[in-house]
Amino acid sequence: AQSVTQLDSHVSVSEGTPVLLRCNYSSSYSPSLFWYVQHPNKGLQLLLKYTSAATLVKGINGFEAEFKKSETSFHLTKPSAHMSDAAEYFCVVSEENFGNEKLTFGTGTRLTIIP
Amino acid sequence: NAGVTQTPKFQVLKTGQSMTLQCAQDMNHEYMSWYRQDPGMGLRLIHYSVGAGITDQGEVPNGYNVSRSTTEDFPLRLLSAAPSQTSVYFCASSYWTGAETQYFGPGTRLLVL
């Protein structure tokens, strides 16, 4: 069975400083991994995805994530936070299950940006 | 394209009342799904459909019914609302079941008193 653990429920950083949102996963097979972002009162938007190609994945808005199989991690980073990055972020693992892909969502990390 | 639309945006129900949450997409996606989002629990899959006339249960299907008579629409029915169904509900669609292609609607916030 697959699972996702987002290690921090809330992260606060100052504008212009680096962002690190941590995600660990558990999967029986070779998973696909994703980060989604949810701005207040909005639906989820795909930020980036890992599907067994390059281990360093670049996404939208300057975010990137590195897949580390040995550590079963897929942490999300950004070199310099912007006020518009304030949102909730979800790490998602996907496994194929009898022809369908089963998605498992993490519990989310709320990112606050301090002016 | 309007993408994925959901109505209503907000609803208050009394225990035992029934209602239907509407979801529509104009992207000709085969796969549609319903999730509920609760604090500290991420998103959990309620029901999904891989095409018109085909539906299946997800992780938390109890208390909810779905049908898929057209490709575009995937309504979620609460037959007898309970306070435990207070949540934010998201509809999503994609060409297939891959997470990378999922498009989410803006959500329906439901409060059951």
# chains A, B, ... in the order shown; residues from 1 in each chain; ligands from 1
$ interface_residues --of "chain B" --to "chain A" --cutoff "10 Å" --atoms "only C-alpha atoms" --output "JSON, numbers by chain"
{"B": [4, 9, 37, 38, 39, 40, 41, 42, 43, 44, 45, 50, 58, 59, 88, 89, 90, 91, 92, 96, 97, 98, 99, 100, 101, 102, 103, 104, 105, 106, 107, 108, 109]}
$ write_last_selection --atoms "C-alpha atoms" --output "CSV table (one decimal), in the first residue's frame"
chain,number,residue,atom,x,y,z
B,4,VAL,CA,-14.4,22.0,-14.4
B,9,LYS,CA,-20.1,27.1,-4.0
B,37,GLN,CA,-11.1,17.6,1.8
B,38,ASP,CA,-11.1,17.6,5.6
B,39,PRO,CA,-8.7,19.4,7.9
B,40,GLY,CA,-5.5,17.4,8.5
B,41,MET,CA,-6.6,14.6,6.2
B,42,GLY,CA,-5.8,15.7,2.7
B,43,LEU,CA,-8.1,14.7,-0.1
B,44,ARG,CA,-9.9,11.4,-0.1
B,45,LEU,CA,-11.6,9.8,-3.1
B,50,VAL,CA,-14.0,6.1,-16.2
B,58,GLY,CA,-13.3,5.2,-3.9
B,59,GLU,CA,-11.9,5.3,-0.5
B,88,VAL,CA,-15.2,20.8,1.1
B,89,TYR,CA,-15.9,18.7,-2.0
B,90,PHE,CA,-13.8,18.8,-5.1
B,91,CYS,CA,-14.6,17.4,-8.5
B,92,ALA,CA,-11.8,16.5,-10.9
B,96,TRP,CA,-7.4,9.2,-18.0
B,97,THR,CA,-6.7,8.4,-14.4
B,98,GLY,CA,-3.1,9.8,-14.3
B,99,ALA,CA,-2.7,12.5,-11.6
B,100,GLU,CA,-0.6,14.7,-14.0
B,101,THR,CA,-3.7,15.4,-16.1
B,102,GLN,CA,-6.2,16.0,-13.3
B,103,TYR,CA,-8.1,19.3,-13.5
B,104,PHE,CA,-9.9,20.3,-10.3
B,105,GLY,CA,-13.0,22.4,-9.9
B,106,PRO,CA,-13.1,25.3,-7.4
B,107,GLY,CA,-14.9,23.2,-4.7
B,108,THR,CA,-18.2,23.2,-2.9
B,109,ARG,CA,-18.2,24.0,0.8
$ select_by_dssp --residues "chain A" --states "strand (DSSP E or B)" --output "VMD selection string"
chain A and resid 3 to 6 10 to 14 19 to 21 23 to 26 32 to 38 44 to 50 56 to 58 64 to 68 73 to 78 87 to 97 100 to 105 109 to 114
$ residues_around --residues "Ser3 in chain A" --least-positions-apart "3" --cutoff "7 Å" --atoms "only C-alpha atoms" --output "MDAnalysis selection string"
chainID A and resid 25:27 104
$ residues_around --residues "His10 in chain A" --least-positions-apart "2" --cutoff "12 Å" --atoms "only C-alpha atoms" --output "PyMOL selection string"
(chain A and resi 6-8+12-13+19-22+86-90+107-113) or (chain B and resi 40)
$ atom_distance --atom1 "CA of Gln6 in chain B" --atom2 "CA of Tyr35 in chain B"
12.5 Å
$ atom_distance --atom1 "CA of Thr71 in chain B" --atom2 "CA of Gln85 in chain B"
26.4 Å
$ residues_around --residues "range 15-22 of chain B" --least-positions-apart "6" --cutoff "6 Å" --atoms "only C-alpha atoms" --output "list of chain:residue names"
B:Gln6, B:Thr7, B:Pro75, B:Leu76, B:Arg77, B:Leu78, B:Leu79, B:Ser80, B:Ala81, B:Ala82, B:Leu113
$ closest_residue --among "A:Thr17, A:Val37, A:Pro115, A:Thr5" --to "Asn61 in chain A" --atoms "only C-alpha atoms"
A:Val37
$ select_by_dssp --residues "range 61-112 of chain A" --states "helix (DSSP H, G or I)" --output "ChimeraX atom specification"
/A:61-62,83-85
$ closest_residue --among "B:Phe10, B:Tyr48, B:Phe74, B:Tyr95" --to "Cys23 in chain B" --atoms "only C-alpha atoms"
B:Phe74
$ atom_distance --atom1 "CA of His29 in chain B" --atom2 "CA of Pro31 in chain A"
23.5 Å
$ closest_residue --among "B:Ala24, B:Met32, B:Ala2, B:Val66" --to "Ser49 in chain B" --atoms "only C-alpha atoms"
B:Met32
$ decode --residues "range 18-53 of chain B" --atoms "N, CA, C and O atoms" --output "compact mmCIF listing (two decimals), in the first residue's frame"
# COMPACT_ATOMS: atom_id res chain seq x y z
N SER B 18 -31.51 15.95 1.77
CA SER B 18 -30.76 15.43 0.62
C SER B 18 -30.39 16.59 -0.30
O SER B 18 -31.02 17.64 -0.28
N MET B 19 -29.36 16.39 -1.07
CA MET B 19 -28.97 17.38 -2.07
C MET B 19 -28.02 16.77 -3.08
O MET B 19 -27.46 15.68 -2.84
N THR B 20 -27.87 17.46 -4.18
CA THR B 20 -26.96 17.02 -5.24
C THR B 20 -25.94 18.11 -5.50
O THR B 20 -26.30 19.27 -5.72
N LEU B 21 -24.68 17.73 -5.47
CA LEU B 21 -23.60 18.61 -5.86
C LEU B 21 -23.32 18.39 -7.34
O LEU B 21 -23.12 17.25 -7.77
N GLN B 22 -23.33 19.48 -8.08
CA GLN B 22 -23.16 19.36 -9.51
C GLN B 22 -21.70 19.55 -9.92
O GLN B 22 -20.98 20.34 -9.33
N CYS B 23 -21.31 18.79 -10.93
CA CYS B 23 -19.97 18.92 -11.51
C CYS B 23 -20.09 18.74 -13.01
O CYS B 23 -20.73 17.79 -13.48
N ALA B 24 -19.47 19.64 -13.75
CA ALA B 24 -19.49 19.55 -15.20
C ALA B 24 -18.12 19.94 -15.75
O ALA B 24 -17.44 20.78 -15.18
N GLN B 25 -17.76 19.29 -16.86
CA GLN B 25 -16.50 19.66 -17.53
C GLN B 25 -16.75 19.70 -19.04
O GLN B 25 -17.56 18.93 -19.57
N ASP B 26 -16.03 20.59 -19.71
CA ASP B 26 -16.23 20.78 -21.15
C ASP B 26 -14.97 20.42 -21.94
O ASP B 26 -14.72 20.96 -23.02
N MET B 27 -14.18 19.53 -21.39
CA MET B 27 -12.91 19.15 -22.02
C MET B 27 -12.97 17.75 -22.62
O MET B 27 -11.93 17.21 -23.04
N ASN B 28 -14.14 17.15 -22.64
CA ASN B 28 -14.34 15.80 -23.18
C ASN B 28 -13.49 14.76 -22.44
O ASN B 28 -13.00 13.79 -23.05
N HIS B 29 -13.33 14.95 -21.14
CA HIS B 29 -12.56 14.01 -20.34
C HIS B 29 -13.38 12.78 -20.02
O HIS B 29 -14.55 12.88 -19.68
N GLU B 30 -12.74 11.62 -20.10
CA GLU B 30 -13.43 10.38 -19.76
C GLU B 30 -13.49 10.16 -18.24
O GLU B 30 -14.45 9.66 -17.70
N TYR B 31 -12.42 10.51 -17.57
CA TYR B 31 -12.31 10.21 -16.14
C TYR B 31 -12.76 11.41 -15.31
O TYR B 31 -12.30 12.53 -15.52
N MET B 32 -13.68 11.14 -14.38
CA MET B 32 -14.12 12.17 -13.44
C MET B 32 -14.17 11.56 -12.05
O MET B 32 -14.39 10.36 -11.88
N SER B 33 -13.97 12.41 -11.06
CA SER B 33 -13.91 11.90 -9.70
C SER B 33 -14.38 12.95 -8.71
O SER B 33 -14.38 14.15 -9.03
N TRP B 34 -14.77 12.49 -7.54
CA TRP B 34 -15.14 13.35 -6.44
C TRP B 34 -14.24 13.07 -5.24
O TRP B 34 -14.01 11.90 -4.89
N TYR B 35 -13.77 14.16 -4.63
CA TYR B 35 -12.96 14.07 -3.43
C TYR B 35 -13.62 14.90 -2.33
O TYR B 35 -14.30 15.88 -2.61
N ARG B 36 -13.35 14.54 -1.10
CA ARG B 36 -13.66 15.43 0.00
C ARG B 36 -12.36 15.81 0.71
O ARG B 36 -11.42 15.03 0.78
N GLN B 37 -12.33 17.04 1.18
CA GLN B 37 -11.15 17.56 1.83
C GLN B 37 -11.51 17.97 3.24
O GLN B 37 -12.34 18.85 3.45
N ASP B 38 -10.88 17.34 4.20
CA ASP B 38 -11.11 17.63 5.61
C ASP B 38 -9.82 18.07 6.26
O ASP B 38 -8.73 17.60 5.87
N PRO B 39 -9.89 18.93 7.25
CA PRO B 39 -8.66 19.43 7.89
C PRO B 39 -7.78 18.30 8.40
O PRO B 39 -8.25 17.38 9.06
N GLY B 40 -6.50 18.38 8.05
CA GLY B 40 -5.54 17.39 8.53
C GLY B 40 -5.63 16.04 7.86
O GLY B 40 -4.95 15.10 8.28
N MET B 41 -6.46 15.90 6.82
CA MET B 41 -6.63 14.58 6.19
C MET B 41 -6.38 14.59 4.69
O MET B 41 -6.55 13.59 4.04
N GLY B 42 -5.99 15.71 4.13
CA GLY B 42 -5.77 15.73 2.69
C GLY B 42 -7.06 15.50 1.93
O GLY B 42 -8.15 15.70 2.43
N LEU B 43 -6.95 15.04 0.70
CA LEU B 43 -8.11 14.74 -0.12
C LEU B 43 -8.33 13.24 -0.15
O LEU B 43 -7.39 12.46 -0.30
N ARG B 44 -9.59 12.85 -0.03
CA ARG B 44 -9.92 11.43 -0.08
C ARG B 44 -10.95 11.19 -1.18
O ARG B 44 -11.93 11.94 -1.30
N LEU B 45 -10.73 10.13 -1.94
CA LEU B 45 -11.56 9.83 -3.09
C LEU B 45 -12.88 9.22 -2.64
O LEU B 45 -12.90 8.24 -1.90
N ILE B 46 -13.99 9.78 -3.14
CA ILE B 46 -15.32 9.30 -2.77
C ILE B 46 -15.82 8.30 -3.82
O ILE B 46 -16.09 7.14 -3.53
N HIS B 47 -15.96 8.78 -5.05
CA HIS B 47 -16.38 7.96 -6.18
C HIS B 47 -15.65 8.44 -7.41
O HIS B 47 -15.21 9.58 -7.47
N TYR B 48 -15.58 7.57 -8.40
CA TYR B 48 -14.99 7.99 -9.66
C TYR B 48 -15.70 7.30 -10.81
O TYR B 48 -16.45 6.33 -10.62
N SER B 49 -15.44 7.82 -12.01
CA SER B 49 -16.06 7.27 -13.21
C SER B 49 -15.04 7.30 -14.35
O SER B 49 -14.37 8.31 -14.56
N VAL B 50 -14.93 6.19 -15.05
CA VAL B 50 -13.98 6.11 -16.17
C VAL B 50 -14.67 6.36 -17.50
O VAL B 50 -14.03 6.24 -18.55
N GLY B 51 -15.95 6.68 -17.47
CA GLY B 51 -16.66 7.00 -18.69
C GLY B 51 -18.16 6.99 -18.44
O GLY B 51 -18.62 6.53 -17.38
N ALA B 52 -18.91 7.49 -19.39
CA ALA B 52 -20.37 7.53 -19.24
C ALA B 52 -20.91 6.13 -18.99
O ALA B 52 -20.54 5.17 -19.66
N GLY B 53 -21.75 6.03 -17.97
CA GLY B 53 -22.37 4.76 -17.61
C GLY B 53 -21.55 3.88 -16.69
O GLY B 53 -22.01 2.81 -16.28
